[in-house]
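> Structure: entry.cif, mmCIF, C-alpha atoms and all ligand atoms.
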```
data_entry
loop_
_atom_site.label_atom_id
_atom_site.label_comp_id
_atom_site.auth_asym_id
_atom_site.auth_seq_id
_atom_site.Cartn_x
_atom_site.Cartn_y
_atom_site.Cartn_z
CA MET A 820 -53.14 -123.85 20.66
CA THR A 821 -53.83 -120.12 20.69
CA ASN A 822 -51.19 -118.21 22.62
CA TRP A 823 -53.32 -115.62 24.42
CA ASN A 824 -50.30 -114.22 26.27
CA GLU A 825 -48.63 -113.40 22.98
CA ILE A 826 -51.84 -111.90 21.55
CA HIS A 827 -52.21 -109.79 24.72
CA ARG A 828 -48.56 -108.69 24.55
CA LEU A 829 -48.80 -107.63 20.91
CA ALA A 830 -52.18 -105.92 21.37
CA THR A 831 -50.76 -103.91 24.29
CA THR A 832 -47.80 -102.77 22.20
CA TRP A 833 -50.00 -101.76 19.25
CA VAL A 834 -52.57 -99.96 21.40
CA LYS A 835 -49.83 -97.97 23.17
CA GLU A 836 -48.30 -97.04 19.82
CA ALA A 837 -51.74 -96.00 18.55
CA GLY A 838 -52.10 -93.88 21.69
CA GLU A 839 -48.81 -92.10 20.95
CA ARG A 840 -50.06 -91.32 17.44
CA ILE A 841 -53.30 -89.91 18.84
CA LYS A 842 -51.42 -87.70 21.32
CA ALA A 843 -49.14 -86.47 18.56
CA SER A 844 -52.25 -85.40 16.61
CA PHE A 845 -53.27 -82.93 19.35
CA SER A 846 -51.05 -80.27 17.83
CA GLU A 847 -52.37 -80.85 14.32
CA GLU A 848 -55.65 -79.82 12.75
CA LEU A 849 -58.28 -82.57 12.80
CA THR A 850 -60.54 -83.43 9.90
CA ILE A 851 -64.00 -83.80 11.40
CA ALA A 852 -67.03 -85.28 9.62
CA THR A 853 -70.53 -86.25 10.74
CA LYS A 854 -72.17 -89.65 10.27
CA SER A 855 -75.86 -90.31 11.08
CA HIS A 856 -76.57 -86.82 12.51
CA ARG A 857 -74.76 -83.58 13.40
CA ASN A 858 -73.56 -84.85 16.81
CA ASP A 859 -72.37 -88.23 15.49
CA LEU A 860 -68.77 -87.28 14.83
CA VAL A 861 -65.79 -89.02 13.27
CA THR A 862 -62.27 -87.74 12.70
CA ASP A 863 -59.35 -88.79 10.54
CA MET A 864 -57.76 -90.10 13.78
CA ASP A 865 -60.69 -92.49 14.44
CA LYS A 866 -60.22 -93.91 10.95
CA GLY A 867 -56.40 -93.82 11.01
CA THR A 868 -56.24 -95.58 14.38
CA GLU A 869 -58.61 -98.30 13.22
CA GLN A 870 -56.58 -98.84 10.04
CA PHE A 871 -53.31 -98.89 12.00
CA LEU A 872 -54.57 -101.59 14.39
CA ILE A 873 -56.18 -103.67 11.65
CA GLY A 874 -52.97 -103.53 9.60
CA LYS A 875 -51.02 -105.00 12.54
CA ILE A 876 -53.62 -107.73 13.16
CA HIS A 877 -53.72 -108.71 9.49
CA ASP A 878 -49.91 -108.95 9.36
CA HIS A 879 -49.62 -111.14 12.46
CA PHE A 880 -52.92 -113.05 12.52
CA PRO A 881 -54.36 -113.29 9.00
CA SER A 882 -57.08 -115.73 10.07
CA HIS A 883 -58.52 -113.46 12.77
CA ARG A 884 -61.60 -111.40 11.92
CA ILE A 885 -62.34 -107.84 12.92
CA LEU A 886 -65.52 -106.10 14.03
CA SER A 887 -64.87 -102.36 14.22
CA GLU A 888 -66.73 -99.08 14.17
CA GLU A 889 -65.35 -97.12 11.24
CA GLY A 890 -65.83 -99.67 8.47
CA PHE A 891 -62.32 -101.07 7.86
CA GLY A 892 -63.06 -104.42 9.51
CA ASP A 893 -64.81 -107.49 8.13
CA ASP A 894 -68.44 -108.03 7.31
CA PHE A 895 -69.90 -111.11 9.00
CA ALA A 896 -72.82 -112.24 11.13
CA ASP A 897 -71.51 -115.26 13.08
CA VAL A 898 -69.14 -115.31 16.07
CA GLY A 899 -66.93 -118.24 14.97
CA GLY A 900 -63.14 -118.25 15.37
CA ILE A 901 -61.17 -115.35 16.81
CA ILE A 902 -62.76 -111.92 16.52
CA TRP A 903 -61.20 -108.61 17.52
CA VAL A 904 -63.89 -106.10 18.49
CA ILE A 905 -62.34 -102.67 18.14
CA ASP A 906 -63.33 -99.13 18.95
CA PRO A 907 -60.37 -97.04 17.79
CA ILE A 908 -61.54 -93.99 19.75
CA ASP A 909 -64.40 -94.38 22.19
CA GLY A 910 -65.52 -90.92 23.21
CA THR A 911 -64.87 -89.14 19.91
CA MET A 912 -66.84 -86.10 21.07
CA ASN A 913 -64.55 -85.79 24.09
CA PHE A 914 -61.50 -86.34 21.89
CA ILE A 915 -62.55 -83.43 19.68
CA HIS A 916 -63.86 -81.04 22.34
CA GLN A 917 -61.72 -81.89 25.37
CA GLN A 918 -58.68 -83.84 24.19
CA ARG A 919 -59.26 -86.19 27.15
CA ASN A 920 -61.82 -88.72 28.44
CA PHE A 921 -61.57 -91.05 25.47
CA ALA A 922 -60.10 -94.53 25.09
CA ILE A 923 -59.03 -97.20 22.67
CA SER A 924 -61.07 -100.33 23.34
CA ILE A 925 -60.39 -103.90 22.24
CA GLY A 926 -62.16 -107.13 23.13
CA ILE A 927 -60.83 -110.37 21.65
CA PHE A 928 -63.32 -113.23 21.52
CA HIS A 929 -62.97 -116.93 20.73
CA GLU A 930 -66.18 -118.61 19.56
CA GLY A 931 -68.07 -115.72 21.17
CA VAL A 932 -66.30 -116.03 24.54
CA GLY A 933 -64.22 -113.08 25.77
CA LYS A 934 -60.50 -113.87 26.10
CA VAL A 935 -58.56 -110.57 26.11
CA GLY A 936 -59.96 -107.19 27.16
CA MET A 937 -58.13 -103.90 26.83
CA ILE A 938 -59.18 -100.31 27.40
CA TYR A 939 -56.53 -97.62 27.13
CA ASP A 940 -57.13 -94.16 28.56
CA VAL A 941 -54.59 -92.49 26.30
CA VAL A 942 -54.21 -89.14 28.04
CA HIS A 943 -53.89 -90.56 31.56
CA ASP A 944 -51.74 -93.46 30.30
CA GLU A 945 -54.02 -95.90 32.11
CA MET A 946 -54.18 -99.33 30.49
CA TYR A 947 -56.94 -101.57 31.83
CA HIS A 948 -56.31 -105.08 30.62
CA THR A 949 -56.99 -108.75 31.20
CA ILE A 950 -56.45 -112.21 29.87
CA SER A 951 -59.55 -114.06 30.95
CA GLY A 952 -58.86 -116.26 33.98
CA GLU A 953 -55.52 -114.58 34.76
CA GLY A 954 -56.69 -111.47 36.60
CA ALA A 955 -57.36 -107.89 35.48
CA TYR A 956 -54.96 -104.99 35.82
CA MET A 957 -54.72 -101.21 35.56
CA ASN A 958 -51.18 -100.83 34.23
CA ASP A 959 -49.27 -103.17 36.62
CA THR A 960 -51.72 -102.91 39.51
CA LYS A 961 -54.00 -105.90 39.91
CA LEU A 962 -57.69 -105.00 40.16
CA LYS A 963 -59.45 -106.38 43.21
CA PRO A 964 -62.49 -108.65 42.91
CA LEU A 965 -65.62 -106.47 43.13
CA THR A 966 -67.33 -106.67 46.50
CA LYS A 967 -71.08 -106.59 47.11
CA GLY A 968 -72.67 -103.13 47.24
CA GLU A 969 -75.97 -101.31 47.58
CA VAL A 970 -77.62 -98.58 45.50
CA LYS A 971 -77.64 -96.10 48.40
CA ASP A 972 -73.81 -96.18 48.47
CA ALA A 973 -73.36 -96.39 44.70
CA ILE A 974 -72.03 -93.99 42.07
CA ILE A 975 -73.74 -94.85 38.80
CA GLY A 976 -72.51 -94.02 35.32
CA ILE A 977 -75.49 -92.93 33.25
CA ASN A 978 -76.10 -90.50 30.42
CA ALA A 979 -78.73 -87.82 31.19
CA THR A 980 -80.47 -88.84 27.95
CA TRP A 981 -81.96 -91.85 29.73
CA VAL A 982 -83.71 -89.78 32.39
CA THR A 983 -85.22 -87.27 29.97
CA SER A 984 -87.88 -88.11 27.43
CA ASN A 985 -86.42 -90.38 24.76
CA LYS A 986 -87.59 -93.15 22.47
CA ARG A 987 -85.98 -96.09 24.31
CA ILE A 988 -87.01 -95.89 27.95
CA ASP A 989 -89.65 -94.13 29.98
CA PRO A 990 -87.69 -91.75 32.25
CA SER A 991 -89.85 -92.85 35.19
CA TYR A 992 -87.77 -96.08 35.41
CA LEU A 993 -84.36 -94.54 35.89
CA ALA A 994 -85.18 -91.17 37.53
CA PRO A 995 -85.89 -92.86 40.93
CA LEU A 996 -82.56 -94.70 40.63
CA VAL A 997 -80.76 -91.40 40.04
CA LYS A 998 -82.43 -90.03 43.19
CA ASP A 999 -81.69 -93.05 45.37
CA ALA A 1000 -78.05 -93.55 44.37
CA ARG A 1001 -75.26 -91.71 46.19
CA GLY A 1002 -74.34 -89.99 42.93
CA THR A 1003 -74.28 -90.22 39.15
CA ARG A 1004 -71.55 -89.50 36.61
CA SER A 1005 -71.48 -89.24 32.83
CA TYR A 1006 -68.02 -89.39 31.28
CA GLY A 1007 -69.01 -89.70 27.60
CA SER A 1008 -67.04 -92.88 26.92
CA ALA A 1009 -68.81 -96.19 27.48
CA ALA A 1010 -65.47 -98.02 27.44
CA LEU A 1011 -63.96 -95.81 30.14
CA GLU A 1012 -67.11 -96.05 32.22
CA MET A 1013 -66.89 -99.83 32.02
CA ALA A 1014 -63.19 -99.72 32.94
CA TYR A 1015 -64.25 -97.64 35.95
CA VAL A 1016 -66.81 -100.28 36.96
CA ALA A 1017 -64.07 -102.94 36.66
CA SER A 1018 -61.74 -100.89 38.86
CA GLY A 1019 -64.41 -99.87 41.40
CA ARG A 1020 -64.42 -96.15 40.50
CA LEU A 1021 -68.08 -96.57 39.48
CA ASP A 1022 -70.50 -99.11 40.93
CA ALA A 1023 -72.68 -99.47 37.81
CA TYR A 1024 -73.01 -98.23 34.25
CA ILE A 1025 -76.22 -98.22 32.20
CA SER A 1026 -76.87 -97.48 28.54
CA LEU A 1027 -79.96 -98.22 26.48
CA ARG A 1028 -78.10 -98.60 23.23
CA LEU A 1029 -74.52 -99.57 22.51
CA ALA A 1030 -72.66 -101.31 19.69
CA PRO A 1031 -70.30 -104.24 20.38
CA TRP A 1032 -67.17 -102.11 20.00
CA ASP A 1033 -68.42 -99.84 22.82
CA TYR A 1034 -68.71 -102.68 25.38
CA GLY A 1035 -66.61 -105.61 24.05
CA GLY A 1036 -63.41 -104.81 25.96
CA GLY A 1037 -65.27 -103.62 29.05
CA MET A 1038 -67.42 -106.72 29.47
CA ILE A 1039 -64.34 -108.98 29.50
CA LEU A 1040 -62.68 -106.79 32.15
CA ILE A 1041 -65.77 -106.63 34.36
CA ASN A 1042 -66.43 -110.37 34.11
CA GLU A 1043 -62.85 -110.99 35.20
CA VAL A 1044 -63.28 -109.09 38.48
CA GLY A 1045 -66.63 -110.70 39.29
CA GLY A 1046 -68.95 -107.93 38.10
CA LYS A 1047 -72.23 -108.61 36.30
CA THR A 1048 -72.52 -107.86 32.59
CA THR A 1049 -76.04 -108.02 31.16
CA ASN A 1050 -78.56 -106.13 29.11
CA LEU A 1051 -81.46 -104.34 30.84
CA LYS A 1052 -83.45 -107.57 30.91
CA GLY A 1053 -80.69 -109.18 32.96
CA GLU A 1054 -79.58 -111.46 30.09
CA ALA A 1055 -75.83 -112.09 29.65
CA LEU A 1056 -74.13 -109.66 27.26
CA MET A 1057 -72.95 -111.10 23.96
CA ILE A 1058 -71.50 -109.67 20.75
CA THR A 1059 -74.61 -108.57 18.90
CA PRO A 1060 -75.20 -105.64 16.55
CA GLN A 1061 -76.83 -103.46 19.22
CA THR A 1062 -78.01 -103.95 22.77
CA SER A 1063 -78.78 -102.23 26.02
CA VAL A 1064 -75.96 -102.60 28.54
CA PHE A 1065 -76.19 -102.83 32.31
CA VAL A 1066 -73.01 -103.64 34.23
CA ALA A 1067 -72.48 -103.40 37.96
CA ARG A 1068 -70.79 -104.79 41.03
CA PRO A 1069 -72.65 -107.68 42.71
CA GLY A 1070 -75.55 -106.60 44.90
CA VAL A 1071 -76.02 -103.31 43.05
CA HIS A 1072 -76.81 -105.25 39.89
CA GLU A 1073 -79.50 -107.40 41.51
CA GLU A 1074 -80.99 -104.44 43.38
CA ILE A 1075 -81.31 -102.28 40.25
CA LEU A 1076 -82.72 -105.16 38.23
CA GLN A 1077 -85.35 -106.03 40.84
CA GLN A 1078 -86.25 -102.62 42.25
CA TYR A 1079 -85.98 -100.33 39.23
CA LEU A 1080 -86.07 -102.35 36.00
CA ASN A 1081 -88.29 -105.25 36.95
CA SER A 1082 -91.55 -104.04 35.41
CA GLY A 1083 -89.99 -102.70 32.22
CA ASN A 1084 -90.75 -104.14 28.82
CA TRP A 1085 -87.28 -103.89 27.23
C1 LIG B 1 -69.92 -93.35 22.09
C2 LIG B 1 -69.50 -93.23 23.52
C3 LIG B 1 -70.61 -92.62 24.35
C4 LIG B 1 -71.88 -93.42 24.25
C5 LIG B 1 -72.30 -93.54 22.80
C6 LIG B 1 -71.16 -94.17 21.97
P1 LIG B 1 -68.00 -93.20 20.18
O1 LIG B 1 -68.90 -93.98 21.31
O2 LIG B 1 -69.16 -94.48 24.08
O3 LIG B 1 -70.23 -92.56 25.71
O4 LIG B 1 -72.90 -92.78 24.99
O5 LIG B 1 -73.46 -94.34 22.71
O6 LIG B 1 -71.56 -94.23 20.63
O7 LIG B 1 -68.93 -92.88 19.05
O8 LIG B 1 -67.42 -92.00 20.81
O9 LIG B 1 -67.04 -94.26 19.81
CA CA B 2 -68.72 -93.01 16.88
CA CA B 3 -67.79 -96.11 20.94
CA CA B 4 -65.57 -94.79 18.30
#
```
What is this structure when it is put down as structure tokens?


Amino acid sequence: MTNWNEIHRLATTWVKEAGERIKASFSEELTIATKSHRNDLVTDMDKGTEQFLIGKIHDHFPSHRILSEEGFGDDFADVGGIIWVIDPIDGTMNFIHQQRNFAISIGIFHEGVGKVGMIYDVVHDEMYHTISGEGAYMNDTKLKPLTKGEVKDAIIGINATWVTSNKRIDPSYLAPLVKDARGTRSYGSAALEMAYVASGRLDAYISLRLAPWDYGGGMILINEVGGKTTNLKGEALMITPQTSVFVARPGVHEEILQQYLNSGNW
């Protein structure tokens, strides 16, 4: 029998240690490189953090597989067994430019089902975490089940990209939502924005394109507190190479899906 409590305990320890290493790097010069384009950044700390976490997992759980952003994980297409979905630094641009508003994100899945979710806001020392079925927490404070809400009272996490002309969505879908909502925010870290939905700081978060390491930890947290985790079509989120992501508290999710996304061809 898999001991999820022990996996959660070890993951927490490793993620906190990784966070200390990241904070210690603030006083040192970063090596910054670009990936697919000039704003797609990666640093030696993204890579070092991923290698650090993978090293620990390999030592303790050699049979577990790893899906991670910077290329030190495994290469596979199925979701069998236990898979750690890791984003060593989510919000790399913030890490480089602001030294805040970034997180370490981990989602641990068994046969494709989320079991342990963990998002660590390193600078604020805020650890959002859950073992599925046992409640979700921010540090030691239990997160409350999400109550039903409405768009007119909602703060929505959304990147301005999705309401300007872009290749993935006609801005006419989401611009009315931006107008009707109480407010919008864009923090630059999908994982943190999902942790904020789980803790009620945001009422929804929408992105047209994310990779599993961006949302893996967050979807487990949000599911645990009764939020809805889907793509823009309203289909349940799963670990897939890339997908749109739409997460929200109950009520807000249905309202956005029906009133704003209904006629879209996603
Ligand atoms: C990015 C952040 C950002 C989101 C991007 C992601 P990274 O992750 O989550 O908020 O808009 O789509 O790629 O590259 O900083 O790990
Ligand atoms: Ca990246
Ligand atoms: Ca990311
Ligand atoms: Ca990253």

> Which is closer to Gly1002 of chain A than all the others in A:Ala1017, A:Ile1075, A:Val982, A:Ile974, using only C-alpha atoms?

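The closest residue to Gly1002 of chain A is A:Ile974.
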
> Contacts between ligand CA 3 (chain B) and chain A, please, where a residue of chain A counts if it comes within 7 Å (with all atoms listed in the file); show its shortest atom pair and distance in Å to one decimal, rows by chain and ascending number, as JSON lines.


```
{"residue": "A:Asp906", "atom": "CA", "partner": "B:CA3", "partner_atom": "CA", "distance": 5.7}
{"residue": "A:Ile908", "atom": "CA", "partner": "B:CA3", "partner_atom": "CA", "distance": 6.7}
{"residue": "A:Asp909", "atom": "CA", "partner": "B:CA3", "partner_atom": "CA", "distance": 4.0}
{"residue": "A:Gly910", "atom": "CA", "partner": "B:CA3", "partner_atom": "CA", "distance": 6.1}
{"residue": "A:Ser1008", "atom": "CA", "partner": "B:CA3", "partner_atom": "CA", "distance": 6.8}
{"residue": "A:Ala1009", "atom": "CA", "partner": "B:CA3", "partner_atom": "CA", "distance": 6.6}
{"residue": "A:Trp1032", "atom": "CA", "partner": "B:CA3", "partner_atom": "CA", "distance": 6.1}
{"residue": "A:Asp1033", "atom": "CA", "partner": "B:CA3", "partner_atom": "CA", "distance": 4.2}
```

> Generate the output file for the selected residues, C-alpha atoms, as a PDB file, in the coordinates of the input.


```
ATOM      1  CA  ASP A 906     -63.330 -99.130  18.950  1.00  0.00           C
ATOM      2  CA  ILE A 908     -61.540 -93.990  19.750  1.00  0.00           C
ATOM      3  CA  ASP A 909     -64.400 -94.380  22.190  1.00  0.00           C
ATOM      4  CA  GLY A 910     -65.520 -90.920  23.210  1.00  0.00           C
ATOM      5  CA  SER A1008     -67.040 -92.880  26.920  1.00  0.00           C
ATOM      6  CA  ALA A1009     -68.810 -96.190  27.480  1.00  0.00           C
ATOM      7  CA  TRP A1032     -67.170-102.110  20.000  1.00  0.00           C
ATOM      8  CA  ASP A1033     -68.420 -99.840  22.820  1.00  0.00           C
TER       9      ASP A1033
END
```

> So the first atom is atom P1 of ligand LIG 1 (chain B) and the second is atom CA of Asp1022 of chain A; what is the distance between them in Å, to one decimal place?

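One can read the atom P1 of ligand LIG 1 (chain B) to atom CA of Asp1022 of chain A distance as 21.7 Å.
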
> For Gln1077 of chain A, please output as an NGL selection string all residues within 12 Å (counting all atoms listed in the file; exclusion window: fewer than 6 positions along the same chain).

:A and (970 or 992 or 996 or 1051-1053 or 1070-1071 or 1083)

> Have a look at atom CA of Asp999 of chain A and atom CA of Ala973 of chain A and let me know their distance in Å, one decimal.

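Taking atom CA of Asp999 of chain A and atom CA of Ala973 of chain A, their separation equals 9.0 Å.
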
> Have a look at atom CA of Glu953 of chain A and atom CA of Tyr1006 of chain A and let me know their distance in Å, one decimal.

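Spanning atom CA of Glu953 of chain A to atom CA of Tyr1006 of chain A is a straight-line distance of 28.3 Å.
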
> Within 10 Å of ligand CA 4 (chain B) (counting all atoms listed in the file), which residues show up? I'd like them as a ChimeraX atom specification.

/A:859-862,865-866,869,887-889,905-912,921-924,1008-1010,1030,1032-1033

> Please produce an output containing C-alpha atoms for each residue in the selection, written as a PDB file, keeping the file's coordinate frame.


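Wrote it out as result_1.pdb, contents follow:
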```
ATOM      1  CA  ASP A 859     -72.370 -88.230  15.490  1.00  0.00           C
ATOM      2  CA  LEU A 860     -68.770 -87.280  14.830  1.00  0.00           C
ATOM      3  CA  VAL A 861     -65.790 -89.020  13.270  1.00  0.00           C
ATOM      4  CA  THR A 862     -62.270 -87.740  12.700  1.00  0.00           C
ATOM      5  CA  ASP A 865     -60.690 -92.490  14.440  1.00  0.00           C
ATOM      6  CA  LYS A 866     -60.220 -93.910  10.950  1.00  0.00           C
ATOM      7  CA  GLU A 869     -58.610 -98.300  13.220  1.00  0.00           C
ATOM      8  CA  SER A 887     -64.870-102.360  14.220  1.00  0.00           C
ATOM      9  CA  GLU A 888     -66.730 -99.080  14.170  1.00  0.00           C
ATOM     10  CA  GLU A 889     -65.350 -97.120  11.240  1.00  0.00           C
ATOM     11  CA  ILE A 905     -62.340-102.670  18.140  1.00  0.00           C
ATOM     12  CA  ASP A 906     -63.330 -99.130  18.950  1.00  0.00           C
ATOM     13  CA  PRO A 907     -60.370 -97.040  17.790  1.00  0.00           C
ATOM     14  CA  ILE A 908     -61.540 -93.990  19.750  1.00  0.00           C
ATOM     15  CA  ASP A 909     -64.400 -94.380  22.190  1.00  0.00           C
ATOM     16  CA  GLY A 910     -65.520 -90.920  23.210  1.00  0.00           C
ATOM     17  CA  THR A 911     -64.870 -89.140  19.910  1.00  0.00           C
ATOM     18  CA  MET A 912     -66.840 -86.100  21.070  1.00  0.00           C
ATOM     19  CA  PHE A 921     -61.570 -91.050  25.470  1.00  0.00           C
ATOM     20  CA  ALA A 922     -60.100 -94.530  25.090  1.00  0.00           C
ATOM     21  CA  ILE A 923     -59.030 -97.200  22.670  1.00  0.00           C
ATOM     22  CA  SER A 924     -61.070-100.330  23.340  1.00  0.00           C
ATOM     23  CA  SER A1008     -67.040 -92.880  26.920  1.00  0.00           C
ATOM     24  CA  ALA A1009     -68.810 -96.190  27.480  1.00  0.00           C
ATOM     25  CA  ALA A1010     -65.470 -98.020  27.440  1.00  0.00           C
ATOM     26  CA  ALA A1030     -72.660-101.310  19.690  1.00  0.00           C
ATOM     27  CA  TRP A1032     -67.170-102.110  20.000  1.00  0.00           C
ATOM     28  CA  ASP A1033     -68.420 -99.840  22.820  1.00  0.00           C
TER      29      ASP A1033
END
```

> Can you tell me which residues surround Arg1028 of chain A at a distance of at most 12 Å, considering only C-alpha atoms, apart from same-chain residues fewer than 5 positions away, and format the answer as a ChimeraX atom specification?

/A:977-978,980-981,985-988,1009,1033-1034,1050-1051,1059-1065,1085

> With C-alpha atoms retained, could you export that selection as a PDB file, in the coordinates of the input?


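What follows is the written file again-v3.pdb:
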```pdb
ATOM      1  CA  ILE A 977     -75.490 -92.930  33.250  1.00  0.00           C
ATOM      2  CA  ASN A 978     -76.100 -90.500  30.420  1.00  0.00           C
ATOM      3  CA  THR A 980     -80.470 -88.840  27.950  1.00  0.00           C
ATOM      4  CA  TRP A 981     -81.960 -91.850  29.730  1.00  0.00           C
ATOM      5  CA  ASN A 985     -86.420 -90.380  24.760  1.00  0.00           C
ATOM      6  CA  LYS A 986     -87.590 -93.150  22.470  1.00  0.00           C
ATOM      7  CA  ARG A 987     -85.980 -96.090  24.310  1.00  0.00           C
ATOM      8  CA  ILE A 988     -87.010 -95.890  27.950  1.00  0.00           C
ATOM      9  CA  ALA A1009     -68.810 -96.190  27.480  1.00  0.00           C
ATOM     10  CA  ASP A1033     -68.420 -99.840  22.820  1.00  0.00           C
ATOM     11  CA  TYR A1034     -68.710-102.680  25.380  1.00  0.00           C
ATOM     12  CA  ASN A1050     -78.560-106.130  29.110  1.00  0.00           C
ATOM     13  CA  LEU A1051     -81.460-104.340  30.840  1.00  0.00           C
ATOM     14  CA  THR A1059     -74.610-108.570  18.900  1.00  0.00           C
ATOM     15  CA  PRO A1060     -75.200-105.640  16.550  1.00  0.00           C
ATOM     16  CA  GLN A1061     -76.830-103.460  19.220  1.00  0.00           C
ATOM     17  CA  THR A1062     -78.010-103.950  22.770  1.00  0.00           C
ATOM     18  CA  SER A1063     -78.780-102.230  26.020  1.00  0.00           C
ATOM     19  CA  VAL A1064     -75.960-102.600  28.540  1.00  0.00           C
ATOM     20  CA  PHE A1065     -76.190-102.830  32.310  1.00  0.00           C
ATOM     21  CA  TRP A1085     -87.280-103.890  27.230  1.00  0.00           C
TER      22      TRP A1085
END
```

> Select, counting only C-alpha atoms, all protein, DNA and RNA residues no farther than 7 Å from (-56.2, -105.0, 33.5) in file coordinates, and express the selection as a compact mmCIF listing (two decimals) with C-alpha atoms, in the frame of the given file.


```
# COMPACT_ATOMS: atom_id res chain seq x y z
CA MET A 946 -54.18 -99.33 30.49
CA TYR A 947 -56.94 -101.57 31.83
CA HIS A 948 -56.31 -105.08 30.62
CA THR A 949 -56.99 -108.75 31.20
CA ALA A 955 -57.36 -107.89 35.48
CA TYR A 956 -54.96 -104.99 35.82
CA MET A 957 -54.72 -101.21 35.56
CA ASN A 958 -51.18 -100.83 34.23
CA LYS A 961 -54.00 -105.90 39.91
CA LEU A 962 -57.69 -105.00 40.16
CA LEU A 1040 -62.68 -106.79 32.15
```

> With distances taken over only C-alpha atoms, which of A:Tyr1024, A:Tyr939, A:Phe895, A:Phe914 is nearest to Trp833 of chain A?

A:Tyr939

> Which one is closest to ligand LIG 1 (chain B): A:Gly1046, A:Asn913, A:Pro990, A:Arg919? Count only C-alpha atoms and all ligand atoms.

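Closest candidate: A:Asn913.
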